[in-house]
file coords_33.cif (mmCIF, C-alpha atoms)
data_upload
#
loop_
_atom_site.label_atom_id
_atom_site.label_comp_id
_atom_site.auth_asym_id
_atom_site.auth_seq_id
_atom_site.Cartn_x
_atom_site.Cartn_y
_atom_site.Cartn_z
CA MET X 256 174.71 -35.83 106.49
CA PRO X 257 172.37 -32.86 106.91
CA ASP X 258 171.75 -30.70 103.89
CA SER X 259 170.73 -27.08 103.64
CA GLY X 260 168.92 -26.54 100.40
CA THR X 261 166.49 -24.05 101.93
CA ALA X 262 167.80 -23.19 105.41
CA PRO X 263 169.66 -19.89 105.87
CA SER X 264 173.42 -20.19 105.48
CA PHE X 265 174.14 -18.12 108.60
CA GLU X 266 172.29 -16.57 111.51
CA LEU X 267 172.77 -13.53 113.74
CA LEU X 268 171.26 -14.28 117.13
CA PRO X 269 170.49 -11.12 119.12
CA GLY X 270 172.13 -10.11 122.35
CA ALA X 271 171.64 -7.25 124.77
CA VAL X 272 171.38 -3.84 123.11
CA GLY X 273 174.35 -2.58 125.11
CA SER X 274 176.67 -5.52 124.42
CA PRO X 275 179.64 -4.90 122.12
CA VAL X 276 180.40 -8.63 121.93
CA ILE X 277 179.80 -10.97 118.99
CA LEU X 278 180.57 -14.65 119.55
CA HIS X 279 181.50 -15.80 116.04
CA VAL X 280 181.04 -19.53 115.31
CA PRO X 281 182.13 -20.21 111.71
CA HIS X 282 182.99 -23.94 111.62
CA SER X 283 180.46 -25.82 113.77
CA ALA X 284 178.00 -27.01 111.08
CA ARG X 285 177.99 -30.08 108.83
CA ALA X 286 175.21 -29.07 106.39
CA ILE X 287 176.00 -29.05 102.66
CA PRO X 288 173.37 -28.07 100.05
CA PRO X 289 172.69 -30.89 97.55
CA ASP X 290 174.01 -28.96 94.53
CA VAL X 291 177.24 -28.20 96.36
CA ARG X 292 177.52 -31.84 97.44
CA ALA X 293 177.33 -32.87 93.79
CA ASP X 294 180.68 -31.19 93.09
CA ILE X 295 182.50 -32.94 95.94
CA VAL X 296 184.23 -36.09 94.67
CA LEU X 297 184.25 -38.04 97.96
CA ASP X 298 181.71 -40.82 98.37
CA ASP X 299 179.24 -40.50 101.24
CA ALA X 300 181.29 -42.50 103.75
CA ALA X 301 184.49 -40.59 103.00
CA LEU X 302 182.63 -37.29 103.20
CA GLU X 303 181.24 -38.17 106.63
CA GLN X 304 184.78 -38.96 107.79
CA GLU X 305 186.04 -35.66 106.41
CA LEU X 306 183.25 -33.79 108.17
CA ASP X 307 184.25 -35.50 111.42
CA HIS X 308 187.78 -34.14 111.03
CA ILE X 309 187.08 -30.65 109.67
CA THR X 310 184.04 -29.63 111.75
CA ASP X 311 184.47 -27.76 115.02
CA ALA X 312 181.79 -29.93 116.56
CA HIS X 313 179.61 -28.54 119.36
CA THR X 314 181.21 -25.08 119.29
CA ALA X 315 177.81 -23.52 118.53
CA ARG X 316 176.51 -25.18 121.68
CA ILE X 317 179.48 -23.89 123.71
CA ALA X 318 178.72 -20.36 122.50
CA GLU X 319 175.00 -20.79 123.20
CA VAL X 320 175.59 -21.93 126.78
CA ALA X 321 178.13 -19.15 127.36
CA ALA X 322 175.69 -16.54 126.05
CA GLY X 323 173.05 -17.78 128.47
CA LEU X 324 175.45 -17.45 131.40
CA ALA X 325 176.70 -13.96 130.55
CA ALA X 326 175.63 -11.01 132.66
CA VAL X 327 175.19 -8.99 129.46
CA ARG X 328 174.07 -11.34 126.71
CA PRO X 329 176.41 -11.23 123.68
CA PHE X 330 175.32 -11.48 120.07
CA ARG X 331 176.10 -14.74 118.24
CA PHE X 332 176.92 -14.98 114.54
CA VAL X 333 176.70 -18.66 113.57
CA ASN X 334 177.53 -20.30 110.24
CA ARG X 335 174.81 -22.87 109.47
CA LEU X 336 176.74 -24.51 106.60
CA SER X 337 179.86 -26.65 106.64
CA ARG X 338 183.15 -24.96 105.91
CA LEU X 339 183.37 -27.45 103.01
CA VAL X 340 180.86 -25.16 101.25
CA VAL X 341 182.97 -22.05 101.81
CA ASP X 342 185.27 -21.09 104.64
CA PRO X 343 184.14 -17.59 105.63
CA GLU X 344 187.34 -16.91 107.56
CA ARG X 345 189.73 -17.29 104.64
CA PHE X 346 190.96 -14.48 102.46
CA PRO X 347 189.16 -14.94 99.11
CA ASP X 348 192.33 -14.30 97.07
CA GLU X 349 196.08 -14.92 96.85
CA ARG X 350 196.67 -13.44 100.32
CA GLU X 351 195.39 -16.68 101.83
CA GLU X 352 198.24 -18.81 103.19
CA MET X 353 196.10 -21.97 103.14
CA LEU X 354 195.82 -21.90 99.35
CA SER X 355 199.07 -23.88 99.38
CA ALA X 356 197.19 -26.73 101.09
CA GLY X 357 194.19 -26.50 98.75
CA MET X 358 192.15 -24.88 101.50
CA GLY X 359 191.46 -21.31 100.50
CA ALA X 360 187.95 -19.89 100.77
CA VAL X 361 186.74 -22.82 98.63
CA TYR X 362 188.52 -26.05 99.51
CA THR X 363 189.86 -28.35 96.81
CA ARG X 364 191.71 -30.70 99.20
CA THR X 365 190.77 -32.52 102.41
CA THR X 366 192.36 -32.50 105.85
CA HIS X 367 194.48 -35.42 104.62
CA ARG X 368 195.41 -33.56 101.40
CA GLU X 369 193.25 -35.78 99.21
CA VAL X 370 191.13 -34.44 96.36
CA LEU X 371 187.86 -32.84 97.51
CA ARG X 372 186.90 -31.00 94.32
CA ARG X 373 188.13 -31.56 90.77
CA ALA X 374 191.13 -29.64 89.47
CA GLY X 375 190.15 -26.38 87.83
CA THR X 376 187.04 -25.89 89.99
CA ASP X 377 185.93 -22.27 89.68
CA PRO X 378 185.42 -20.88 93.20
CA GLU X 379 183.51 -17.81 92.04
CA PRO X 380 179.95 -19.23 92.10
CA LEU X 381 180.37 -20.34 95.74
CA LEU X 382 182.06 -17.07 96.71
CA ALA X 383 179.19 -15.09 95.19
CA ARG X 384 176.45 -17.27 96.67
CA TYR X 385 177.82 -17.83 100.17
CA PHE X 386 181.12 -16.13 101.00
CA ARG X 387 180.33 -12.52 100.12
CA PRO X 388 176.84 -12.44 101.69
CA TYR X 389 178.34 -13.87 104.89
CA ALA X 390 181.11 -11.27 104.88
CA ARG X 391 178.61 -8.45 104.29
CA ALA X 392 176.36 -9.64 107.12
CA MET X 393 179.26 -9.94 109.54
CA THR X 394 180.49 -6.48 108.52
CA GLU X 395 177.04 -5.07 109.18
CA ALA X 396 176.86 -6.83 112.56
CA VAL X 397 180.16 -5.26 113.61
CA ALA X 398 179.10 -1.83 112.31
CA ASP X 399 175.87 -2.13 114.28
CA ARG X 400 177.78 -2.82 117.51
CA LEU X 401 180.06 0.16 116.82
CA ALA X 402 177.04 2.40 116.30
CA ALA X 403 175.29 1.14 119.42
CA THR X 404 178.20 0.96 121.86
CA GLY X 405 181.21 2.69 120.29
CA ARG X 406 183.16 -0.54 120.08
CA ALA X 407 182.87 -4.15 118.86
CA VAL X 408 184.47 -7.27 120.26
CA ILE X 409 184.65 -10.41 118.11
CA VAL X 410 185.29 -13.65 120.00
CA ASP X 411 186.02 -16.36 117.45
CA VAL X 412 185.00 -19.80 118.81
CA HIS X 413 186.82 -22.81 117.32
CA SER X 414 188.10 -26.27 118.19
CA TYR X 415 190.99 -28.37 116.94
CA PRO X 416 192.03 -32.03 117.03
CA THR X 417 194.35 -33.44 119.66
CA ALA X 418 196.75 -34.77 116.99
CA ALA X 419 197.82 -32.60 114.06
CA LEU X 420 196.18 -33.35 110.71
CA PRO X 421 198.18 -33.35 107.46
CA TYR X 422 196.63 -30.09 106.21
CA GLU X 423 198.04 -28.05 109.10
CA LEU X 424 200.90 -25.80 108.03
CA HIS X 425 202.06 -25.13 111.59
CA GLY X 426 201.07 -28.32 113.39
CA GLU X 427 204.46 -28.98 114.95
CA GLY X 428 204.03 -26.50 117.81
CA PRO X 429 202.37 -26.87 121.22
CA ARG X 430 198.74 -28.05 121.35
CA PRO X 431 197.43 -26.76 124.69
CA PRO X 432 193.90 -27.48 125.95
CA VAL X 433 192.95 -23.92 124.95
CA CYS X 434 194.89 -21.86 122.41
CA ILE X 435 194.26 -18.10 122.37
CA GLY X 436 194.76 -16.62 118.90
CA THR X 437 195.73 -12.97 118.74
CA ASP X 438 196.34 -10.20 116.24
CA ALA X 439 198.92 -7.44 116.75
CA PHE X 440 196.47 -4.67 115.83
CA HIS X 441 193.13 -5.98 117.12
CA THR X 442 194.02 -7.91 120.31
CA PRO X 443 195.28 -5.80 123.23
CA ASP X 444 197.53 -7.51 125.76
CA GLU X 445 194.92 -7.13 128.49
CA GLN X 446 192.33 -8.97 126.45
CA ALA X 447 194.66 -11.90 125.81
CA ARG X 448 195.67 -11.97 129.49
CA LEU X 449 192.08 -12.09 130.70
CA ALA X 450 191.21 -14.81 128.18
CA ARG X 451 194.08 -16.95 129.44
CA GLU X 452 193.00 -16.30 133.02
CA ALA X 453 189.41 -17.32 132.24
CA PHE X 454 190.47 -20.65 130.66
CA ALA X 455 193.25 -21.49 133.13
CA ALA X 456 191.04 -23.98 134.98
CA CYS X 457 190.33 -25.86 131.72
CA GLY X 458 193.73 -27.55 131.65
CA GLY X 459 196.00 -24.71 130.59
CA THR X 460 196.33 -22.23 127.77
CA GLY X 461 198.82 -21.11 125.15
CA LEU X 462 199.14 -18.31 122.61
CA ASP X 463 198.99 -18.65 118.82
CA SER X 464 199.89 -22.35 118.57
CA PRO X 465 198.89 -24.43 116.76
CA PHE X 466 196.68 -21.70 115.24
CA ALA X 467 197.23 -17.98 115.36
CA GLY X 468 195.33 -14.84 114.48
CA THR X 469 191.59 -14.28 114.47
CA TYR X 470 188.76 -13.01 112.30
CA VAL X 471 187.95 -9.37 111.56
CA PRO X 472 185.84 -8.31 108.55
CA LEU X 473 188.11 -6.79 105.91
CA ASP X 474 186.42 -3.37 106.10
CA PHE X 475 187.82 -3.04 109.63
CA TYR X 476 190.92 -5.24 109.53
CA GLY X 477 194.02 -3.30 110.39
CA ARG X 478 192.09 -0.02 110.17
CA ASP X 479 189.72 0.41 113.08
CA ALA X 480 191.09 -0.09 116.59
CA ARG X 481 187.56 0.11 118.00
CA VAL X 482 187.16 -3.46 116.75
CA ALA X 483 188.79 -5.86 119.20
CA ALA X 484 189.15 -9.51 118.35
CA LEU X 485 190.47 -12.75 119.77
CA MET X 486 190.24 -16.42 118.84
CA VAL X 487 189.50 -19.23 121.26
CA GLU X 488 190.71 -22.62 119.95
CA ILE X 489 189.61 -25.52 122.18
CA ARG X 490 191.36 -28.88 121.92
CA ARG X 491 188.64 -31.40 121.22
CA ASP X 492 189.63 -34.06 123.73
CA THR X 493 188.75 -31.58 126.49
CA TYR X 494 185.02 -31.74 125.71
CA MET X 495 184.11 -34.44 123.15
CA THR X 496 184.91 -37.85 121.70
CA GLU X 497 187.14 -37.48 118.64
CA PRO X 498 186.61 -37.36 115.77
CA GLY X 499 183.07 -36.11 115.42
CA GLY X 500 181.62 -37.84 118.47
CA PRO X 501 179.33 -36.64 121.24
CA ALA X 502 180.09 -33.87 123.68
CA GLY X 503 180.94 -34.65 127.29
CA PRO X 504 180.89 -32.82 130.60
CA GLY X 505 183.83 -30.64 129.58
CA LEU X 506 181.50 -28.63 127.35
CA ASP X 507 179.79 -26.90 130.26
CA ARG X 508 183.11 -26.13 131.94
CA LEU X 509 184.44 -24.51 128.76
CA ALA X 510 181.23 -22.56 128.21
CA LYS X 511 181.45 -21.22 131.74
CA ALA X 512 185.05 -20.14 131.08
CA LEU X 513 184.01 -18.44 127.83
CA ALA X 514 181.27 -16.60 129.71
CA ALA X 515 183.49 -15.53 132.63
CA PRO X 516 184.83 -12.33 131.02
CA LEU X 517 181.23 -11.39 130.21
CA CYS X 518 179.99 -11.78 133.79
CA SER X 519 181.52 -8.86 135.64
CA PRO X 520 181.74 -5.20 134.69
CA ARG X 521 185.54 -5.19 134.97
CA ARG X 522 185.73 -8.01 132.50
CA THR X 523 183.27 -7.04 129.90
CA VAL X 524 186.38 -7.19 128.06
CA TRP X 525 186.09 -9.31 125.58
CA ALA X 526 185.63 -5.49 125.29
CA ALA X 527 188.93 -3.77 125.24
CA ARG X 528 190.71 -3.24 121.67
CA TRP X 529 191.67 -9.96 116.00
CA SER X 530 192.69 -11.98 111.28
CA ALA X 531 195.03 -14.10 109.64
CA ARG X 532 198.26 -15.66 110.68
CA HIS X 533 198.24 -19.50 111.08
CA ARG X 534 194.84 -20.34 109.65
CA HIS X 535 192.59 -23.01 111.23
#

call {"tool": "encode", "arguments": {"input": "coords_33.cif", "output": "structure tokens"}}
result
Amino acid sequence: MPDSGTAPSFELLPGAVGSPVILHVPHSARAIPPDVRADIVLDDAALEQELDHITDAHTARIAEVAAGLAAVRPFRFVNRLSRLVVDPERFPDEREEMLSAGMGAVYTRTTHREVLRRAGTDPEPLLARYFRPYARAMTEAVADRLAATGRAVIVDVHSYPTAALPYELHGEGPRPPVCIGTDAFHTPDEQARLAREAFAACGGTGLDSPFAGTYVPLDFYGRDARVAALMVEIRRDTYMTEPGGPAGPGLDRLAKALAAPLCSPRRTVWAARWSARHRH
């Protein structure tokens, strides 16, 4: 398992000055700093298995390939640490629905609802060290796009397993090859329509099942309609061997679909007018 005792916990990779788009990749990494690992109760083999299940493997590569194909290169904001360190997309307080599954901003339970951290673990040190700096940096990245272009478009890039895992609170619904997550305030209908059109050739799409909503920094969430957002959830059997195995030829097809709305002026749409319903 890779560690990250000295590597940066996240990275903003530059795009074209005139691009409003940020491809956000929060769950692709497996790295866990040694001192954080020490507080996880799983043995090494069980932790590797949990990382196989919880990691959105290869999504950073999908975003990287898509960025290279785009007519106007988007920015990429990539989490370099596992979501088992902190999950930057969770609410850090009682608003978070996934607290009921032991998977708030700092997880205490695994995908199979087993103990990950001891009861009574104080989340505050990890929130202060990792969660809040990440949130500030993402807020600044969005503010920078607003200042430069008058708008910001967050495209949240995720994946999910073919079969529902026990931690999922809404796993009984459809599991299409590509699920488009939307938010009533931050995702205009046209943006969702064009996303579904772009991914239609990847086996079919659905809306907000098994995961719904998308990520918007709290400073803008529900307040600033200039921030558009949408989540792309890719079913893992479409591009990789599950769980945690290598990527296959489907990766390039999905990256091309992700890039499609960035490749023509009419569709620089991931740029029209995302947050927290069913949390991934």

call {"tool": "atom_distance", "arguments": {"input": "coords_33.cif", "atom1": "CA of Asp342 in chain X", "atom2": "CA of Met358 in chain X"}}
result
8.5 Å

call {"tool": "atom_distance", "arguments": {"input": "coords_33.cif", "atom1": "CA of Asp411 in chain X", "atom2": "CA of Glu303 in chain X"}}
result
24.8 Å

call {"tool": "residues_around", "arguments": {"input": "coords_33.cif", "residues": "range 267-271 of chain X", "least_positions_apart": "5", "cutoff": "10 Å", "atoms": "all atoms listed in the file", "output": "list in words"}}
result
Val276, Ile277, Leu278, His279, Glu319, Ala322, Gly323, Ala326, Val327, Arg328, Pro329, Phe330, Arg331, Phe332, Val333, Asn334, Ala392, Met393 and Ala396 of chain X

call {"tool": "residues_around", "arguments": {"input": "coords_33.cif", "residues": "Tyr494 in chain X", "least_positions_apart": "4", "cutoff": "9 Å", "atoms": "all atoms listed in the file", "output": "PyMOL selection string"}}
result
chain X and resi 313+489-490+501-509

call {"tool": "write_last_selection", "arguments": {"input": "coords_33.cif", "atoms": "C-alpha atoms", "output": "mmCIF file, in the frame of the given file"}}
result
data_model
loop_
_atom_site.group_PDB
_atom_site.id
_atom_site.type_symbol
_atom_site.label_atom_id
_atom_site.label_comp_id
_atom_site.auth_asym_id
_atom_site.auth_seq_id
_atom_site.Cartn_x
_atom_site.Cartn_y
_atom_site.Cartn_z
ATOM 1 C CA HIS X 313 179.610 -28.540 119.360
ATOM 2 C CA ILE X 489 189.610 -25.520 122.180
ATOM 3 C CA ARG X 490 191.360 -28.880 121.920
ATOM 4 C CA PRO X 501 179.330 -36.640 121.240
ATOM 5 C CA ALA X 502 180.090 -33.870 123.680
ATOM 6 C CA GLY X 503 180.940 -34.650 127.290
ATOM 7 C CA PRO X 504 180.890 -32.820 130.600
ATOM 8 C CA GLY X 505 183.830 -30.640 129.580
ATOM 9 C CA LEU X 506 181.500 -28.630 127.350
ATOM 10 C CA ASP X 507 179.790 -26.900 130.260
ATOM 11 C CA ARG X 508 183.110 -26.130 131.940
ATOM 12 C CA LEU X 509 184.440 -24.510 128.760
#

call {"tool": "resolve_selection", "arguments": {"input": "coords_33.cif", "expression": "the PyMOL selection byres ((chain X and resi 483) around 12)", "output": "ChimeraX atom specification"}}
result
/X:275-277,397,400-401,405-411,437-447,469-472,475-482,484-486,524-530

call {"tool": "write_last_selection", "arguments": {"input": "coords_33.cif", "atoms": "C-alpha atoms", "output": "short mmCIF file (atom, residue, chain, number, x, y, z; two decimals), keeping the file's coordinate frame"}}
result
data_model
loop_
_atom_site.label_atom_id
_atom_site.label_comp_id
_atom_site.auth_asym_id
_atom_site.auth_seq_id
_atom_site.Cartn_x
_atom_site.Cartn_y
_atom_site.Cartn_z
CA PRO X 275 179.64 -4.90 122.12
CA VAL X 276 180.40 -8.63 121.93
CA ILE X 277 179.80 -10.97 118.99
CA VAL X 397 180.16 -5.26 113.61
CA ARG X 400 177.78 -2.82 117.51
CA LEU X 401 180.06 0.16 116.82
CA GLY X 405 181.21 2.69 120.29
CA ARG X 406 183.16 -0.54 120.08
CA ALA X 407 182.87 -4.15 118.86
CA VAL X 408 184.47 -7.27 120.26
CA ILE X 409 184.65 -10.41 118.11
CA VAL X 410 185.29 -13.65 120.00
CA ASP X 411 186.02 -16.36 117.45
CA THR X 437 195.73 -12.97 118.74
CA ASP X 438 196.34 -10.20 116.24
CA ALA X 439 198.92 -7.44 116.75
CA PHE X 440 196.47 -4.67 115.83
CA HIS X 441 193.13 -5.98 117.12
CA THR X 442 194.02 -7.91 120.31
CA PRO X 443 195.28 -5.80 123.23
CA ASP X 444 197.53 -7.51 125.76
CA GLU X 445 194.92 -7.13 128.49
CA GLN X 446 192.33 -8.97 126.45
CA ALA X 447 194.66 -11.90 125.81
CA THR X 469 191.59 -14.28 114.47
CA TYR X 470 188.76 -13.01 112.30
CA VAL X 471 187.95 -9.37 111.56
CA PRO X 472 185.84 -8.31 108.55
CA PHE X 475 187.82 -3.04 109.63
CA TYR X 476 190.92 -5.24 109.53
CA GLY X 477 194.02 -3.30 110.39
CA ARG X 478 192.09 -0.02 110.17
CA ASP X 479 189.72 0.41 113.08
CA ALA X 480 191.09 -0.09 116.59
CA ARG X 481 187.56 0.11 118.00
CA VAL X 482 187.16 -3.46 116.75
CA ALA X 484 189.15 -9.51 118.35
CA LEU X 485 190.47 -12.75 119.77
CA MET X 486 190.24 -16.42 118.84
CA VAL X 524 186.38 -7.19 128.06
CA TRP X 525 186.09 -9.31 125.58
CA ALA X 526 185.63 -5.49 125.29
CA ALA X 527 188.93 -3.77 125.24
CA ARG X 528 190.71 -3.24 121.67
CA TRP X 529 191.67 -9.96 116.00
CA SER X 530 192.69 -11.98 111.28
#

call {"tool": "residues_around", "arguments": {"input": "coords_33.cif", "residues": "Leu513 in chain X", "least_positions_apart": "5", "cutoff": "8 Å", "atoms": "only C-alpha atoms", "output": "list of chain:residue names"}}
result
X:Ala318, X:Ala321, X:Ala453, X:Phe454

call {"tool": "atom_distance", "arguments": {"input": "coords_33.cif", "atom1": "CA of Arg292 in chain X", "atom2": "CA of Gly426 in chain X"}}
result
28.7 Å

call {"tool": "resolve_selection", "arguments": {"input": "coords_33.cif", "expression": "the PyMOL selection byres ((chain X and resi 301) around 12)", "output": "ChimeraX atom specification"}}
result
/X:256,295-300,302-308,365-367,369-371

call {"tool": "residues_near_point", "arguments": {"input": "coords_33.cif", "point": "(195.1, -29.3, 112.5)", "cutoff": "12 Å", "atoms": "all atoms listed in the file", "output": "NGL selection string"}}
result
:X and (308-311 or 353 or 356 or 365-368 or 413-430 or 464-467 or 488-491 or 533-535)

call {"tool": "closest_residue", "arguments": {"input": "coords_33.cif", "among": "X:Val291, X:Leu449, X:Cys457, X:Ala398", "to": "Val341 in chain X", "atoms": "all atoms listed in the file"}}
result
X:Val291

call {"tool": "decode", "arguments": {"input": "coords_33.cif", "residues": "range 344-368 of chain X", "atoms": "N, CA, C and O atoms", "output": "PDB file, in the first residue's frame"}}
result
ATOM      1  N   GLU X 344     -15.509  15.019   0.250  1.00  0.00           N
ATOM      2  CA  GLU X 344     -16.834  15.348  -0.269  1.00  0.00           C
ATOM      3  C   GLU X 344     -17.943  15.243   0.771  1.00  0.00           C
ATOM      4  O   GLU X 344     -19.086  15.574   0.480  1.00  0.00           O
ATOM      5  N   ARG X 345     -17.640  14.796   1.947  1.00  0.00           N
ATOM      6  CA  ARG X 345     -18.651  14.697   2.989  1.00  0.00           C
ATOM      7  C   ARG X 345     -18.855  16.046   3.677  1.00  0.00           C
ATOM      8  O   ARG X 345     -17.930  16.871   3.759  1.00  0.00           O
ATOM      9  N   PHE X 346     -20.057  16.253   4.207  1.00  0.00           N
ATOM     10  CA  PHE X 346     -20.225  17.339   5.167  1.00  0.00           C
ATOM     11  C   PHE X 346     -19.435  16.978   6.420  1.00  0.00           C
ATOM     12  O   PHE X 346     -19.437  15.819   6.853  1.00  0.00           O
ATOM     13  N   PRO X 347     -18.763  17.932   7.050  1.00  0.00           N
ATOM     14  CA  PRO X 347     -17.942  17.619   8.223  1.00  0.00           C
ATOM     15  C   PRO X 347     -18.720  17.625   9.531  1.00  0.00           C
ATOM     16  O   PRO X 347     -18.126  17.668  10.614  1.00  0.00           O
ATOM     17  N   ASP X 348     -20.043  17.565   9.474  1.00  0.00           N
ATOM     18  CA  ASP X 348     -20.870  17.700  10.676  1.00  0.00           C
ATOM     19  C   ASP X 348     -22.118  16.837  10.545  1.00  0.00           C
ATOM     20  O   ASP X 348     -22.193  15.956   9.685  1.00  0.00           O
ATOM     21  N   GLU X 349     -23.109  17.114  11.403  1.00  0.00           N
ATOM     22  CA  GLU X 349     -24.300  16.261  11.487  1.00  0.00           C
ATOM     23  C   GLU X 349     -25.189  16.312  10.240  1.00  0.00           C
ATOM     24  O   GLU X 349     -26.107  15.503  10.088  1.00  0.00           O
ATOM     25  N   ARG X 350     -24.920  17.218   9.319  1.00  0.00           N
ATOM     26  CA  ARG X 350     -25.678  17.242   8.065  1.00  0.00           C
ATOM     27  C   ARG X 350     -25.386  16.029   7.190  1.00  0.00           C
ATOM     28  O   ARG X 350     -26.157  15.732   6.273  1.00  0.00           O
ATOM     29  N   GLU X 351     -24.303  15.343   7.451  1.00  0.00           N
ATOM     30  CA  GLU X 351     -23.872  14.255   6.574  1.00  0.00           C
ATOM     31  C   GLU X 351     -24.711  12.987   6.778  1.00  0.00           C
ATOM     32  O   GLU X 351     -24.690  12.371   7.845  1.00  0.00           O
ATOM     33  N   GLU X 352     -25.437  12.599   5.752  1.00  0.00           N
ATOM     34  CA  GLU X 352     -26.281  11.407   5.782  1.00  0.00           C
ATOM     35  C   GLU X 352     -25.473  10.144   6.079  1.00  0.00           C
ATOM     36  O   GLU X 352     -25.942   9.241   6.792  1.00  0.00           O
ATOM     37  N   MET X 353     -24.246  10.054   5.563  1.00  0.00           N
ATOM     38  CA  MET X 353     -23.457   8.838   5.696  1.00  0.00           C
ATOM     39  C   MET X 353     -22.892   8.619   7.096  1.00  0.00           C
ATOM     40  O   MET X 353     -22.303   7.570   7.365  1.00  0.00           O
ATOM     41  N   LEU X 354     -23.089   9.562   7.994  1.00  0.00           N
ATOM     42  CA  LEU X 354     -22.707   9.322   9.393  1.00  0.00           C
ATOM     43  C   LEU X 354     -23.399   8.084   9.934  1.00  0.00           C
ATOM     44  O   LEU X 354     -22.846   7.365  10.780  1.00  0.00           O
ATOM     45  N   SER X 355     -24.604   7.817   9.471  1.00  0.00           N
ATOM     46  CA  SER X 355     -25.360   6.657   9.967  1.00  0.00           C
ATOM     47  C   SER X 355     -24.695   5.337   9.596  1.00  0.00           C
ATOM     48  O   SER X 355     -24.949   4.306  10.223  1.00  0.00           O
ATOM     49  N   ALA X 356     -23.838   5.354   8.571  1.00  0.00           N
ATOM     50  CA  ALA X 356     -23.099   4.167   8.163  1.00  0.00           C
ATOM     51  C   ALA X 356     -21.656   4.195   8.658  1.00  0.00           C
ATOM     52  O   ALA X 356     -20.849   3.354   8.260  1.00  0.00           O
ATOM     53  N   GLY X 357     -21.331   5.164   9.535  1.00  0.00           N
ATOM     54  CA  GLY X 357     -19.957   5.293  10.011  1.00  0.00           C
ATOM     55  C   GLY X 357     -19.015   5.829   8.967  1.00  0.00           C
ATOM     56  O   GLY X 357     -17.804   5.599   9.018  1.00  0.00           O
ATOM     57  N   MET X 358     -19.564   6.590   7.995  1.00  0.00           N
ATOM     58  CA  MET X 358     -18.749   7.080   6.894  1.00  0.00           C
ATOM     59  C   MET X 358     -19.016   8.550   6.660  1.00  0.00           C
ATOM     60  O   MET X 358     -19.422   8.983   5.577  1.00  0.00           O
ATOM     61  N   GLY X 359     -18.793   9.349   7.713  1.00  0.00           N
ATOM     62  CA  GLY X 359     -18.804  10.793   7.571  1.00  0.00           C
ATOM     63  C   GLY X 359     -17.491  11.246   6.951  1.00  0.00           C
ATOM     64  O   GLY X 359     -16.857  10.510   6.189  1.00  0.00           O
ATOM     65  N   ALA X 360     -17.062  12.440   7.270  1.00  0.00           N
ATOM     66  CA  ALA X 360     -15.810  12.938   6.693  1.00  0.00           C
ATOM     67  C   ALA X 360     -14.619  12.086   7.121  1.00  0.00           C
ATOM     68  O   ALA X 360     -13.652  11.935   6.369  1.00  0.00           O
ATOM     69  N   VAL X 361     -14.676  11.520   8.319  1.00  0.00           N
ATOM     70  CA  VAL X 361     -13.658  10.577   8.798  1.00  0.00           C
ATOM     71  C   VAL X 361     -14.359   9.252   9.058  1.00  0.00           C
ATOM     72  O   VAL X 361     -15.221   9.148   9.933  1.00  0.00           O
ATOM     73  N   TYR X 362     -14.009   8.234   8.295  1.00  0.00           N
ATOM     74  CA  TYR X 362     -14.709   6.958   8.379  1.00  0.00           C
ATOM     75  C   TYR X 362     -14.329   6.204   9.660  1.00  0.00           C
ATOM     76  O   TYR X 362     -13.156   6.137  10.031  1.00  0.00           O
ATOM     77  N   THR X 363     -15.333   5.580  10.256  1.00  0.00           N
ATOM     78  CA  THR X 363     -15.094   4.670  11.380  1.00  0.00           C
ATOM     79  C   THR X 363     -15.507   3.240  11.035  1.00  0.00           C
ATOM     80  O   THR X 363     -15.223   2.314  11.801  1.00  0.00           O
ATOM     81  N   ARG X 364     -16.172   3.067   9.895  1.00  0.00           N
ATOM     82  CA  ARG X 364     -16.619   1.748   9.436  1.00  0.00           C
ATOM     83  C   ARG X 364     -16.173   1.533   7.993  1.00  0.00           C
ATOM     84  O   ARG X 364     -15.911   2.483   7.255  1.00  0.00           O
ATOM     85  N   THR X 365     -16.139   0.281   7.575  1.00  0.00           N
ATOM     86  CA  THR X 365     -15.705  -0.090   6.230  1.00  0.00           C
ATOM     87  C   THR X 365     -16.911  -0.207   5.302  1.00  0.00           C
ATOM     88  O   THR X 365     -18.063  -0.068   5.709  1.00  0.00           O
ATOM     89  N   THR X 366     -16.629  -0.521   4.049  1.00  0.00           N
ATOM     90  CA  THR X 366     -17.691  -0.750   3.072  1.00  0.00           C
ATOM     91  C   THR X 366     -18.592  -1.911   3.469  1.00  0.00           C
ATOM     92  O   THR X 366     -19.737  -1.989   3.031  1.00  0.00           O
ATOM     93  N   HIS X 367     -18.081  -2.819   4.297  1.00  0.00           N
ATOM     94  CA  HIS X 367     -18.867  -3.953   4.774  1.00  0.00           C
ATOM     95  C   HIS X 367     -19.329  -3.756   6.222  1.00  0.00           C
ATOM     96  O   HIS X 367     -19.724  -4.699   6.895  1.00  0.00           O
ATOM     97  N   ARG X 368     -19.287  -2.492   6.666  1.00  0.00           N
ATOM     98  CA  ARG X 368     -19.787  -2.074   7.987  1.00  0.00           C
ATOM     99  C   ARG X 368     -19.016  -2.698   9.142  1.00  0.00           C
ATOM    100  O   ARG X 368     -19.536  -2.852  10.247  1.00  0.00           O
TER     101      ARG X 368
END
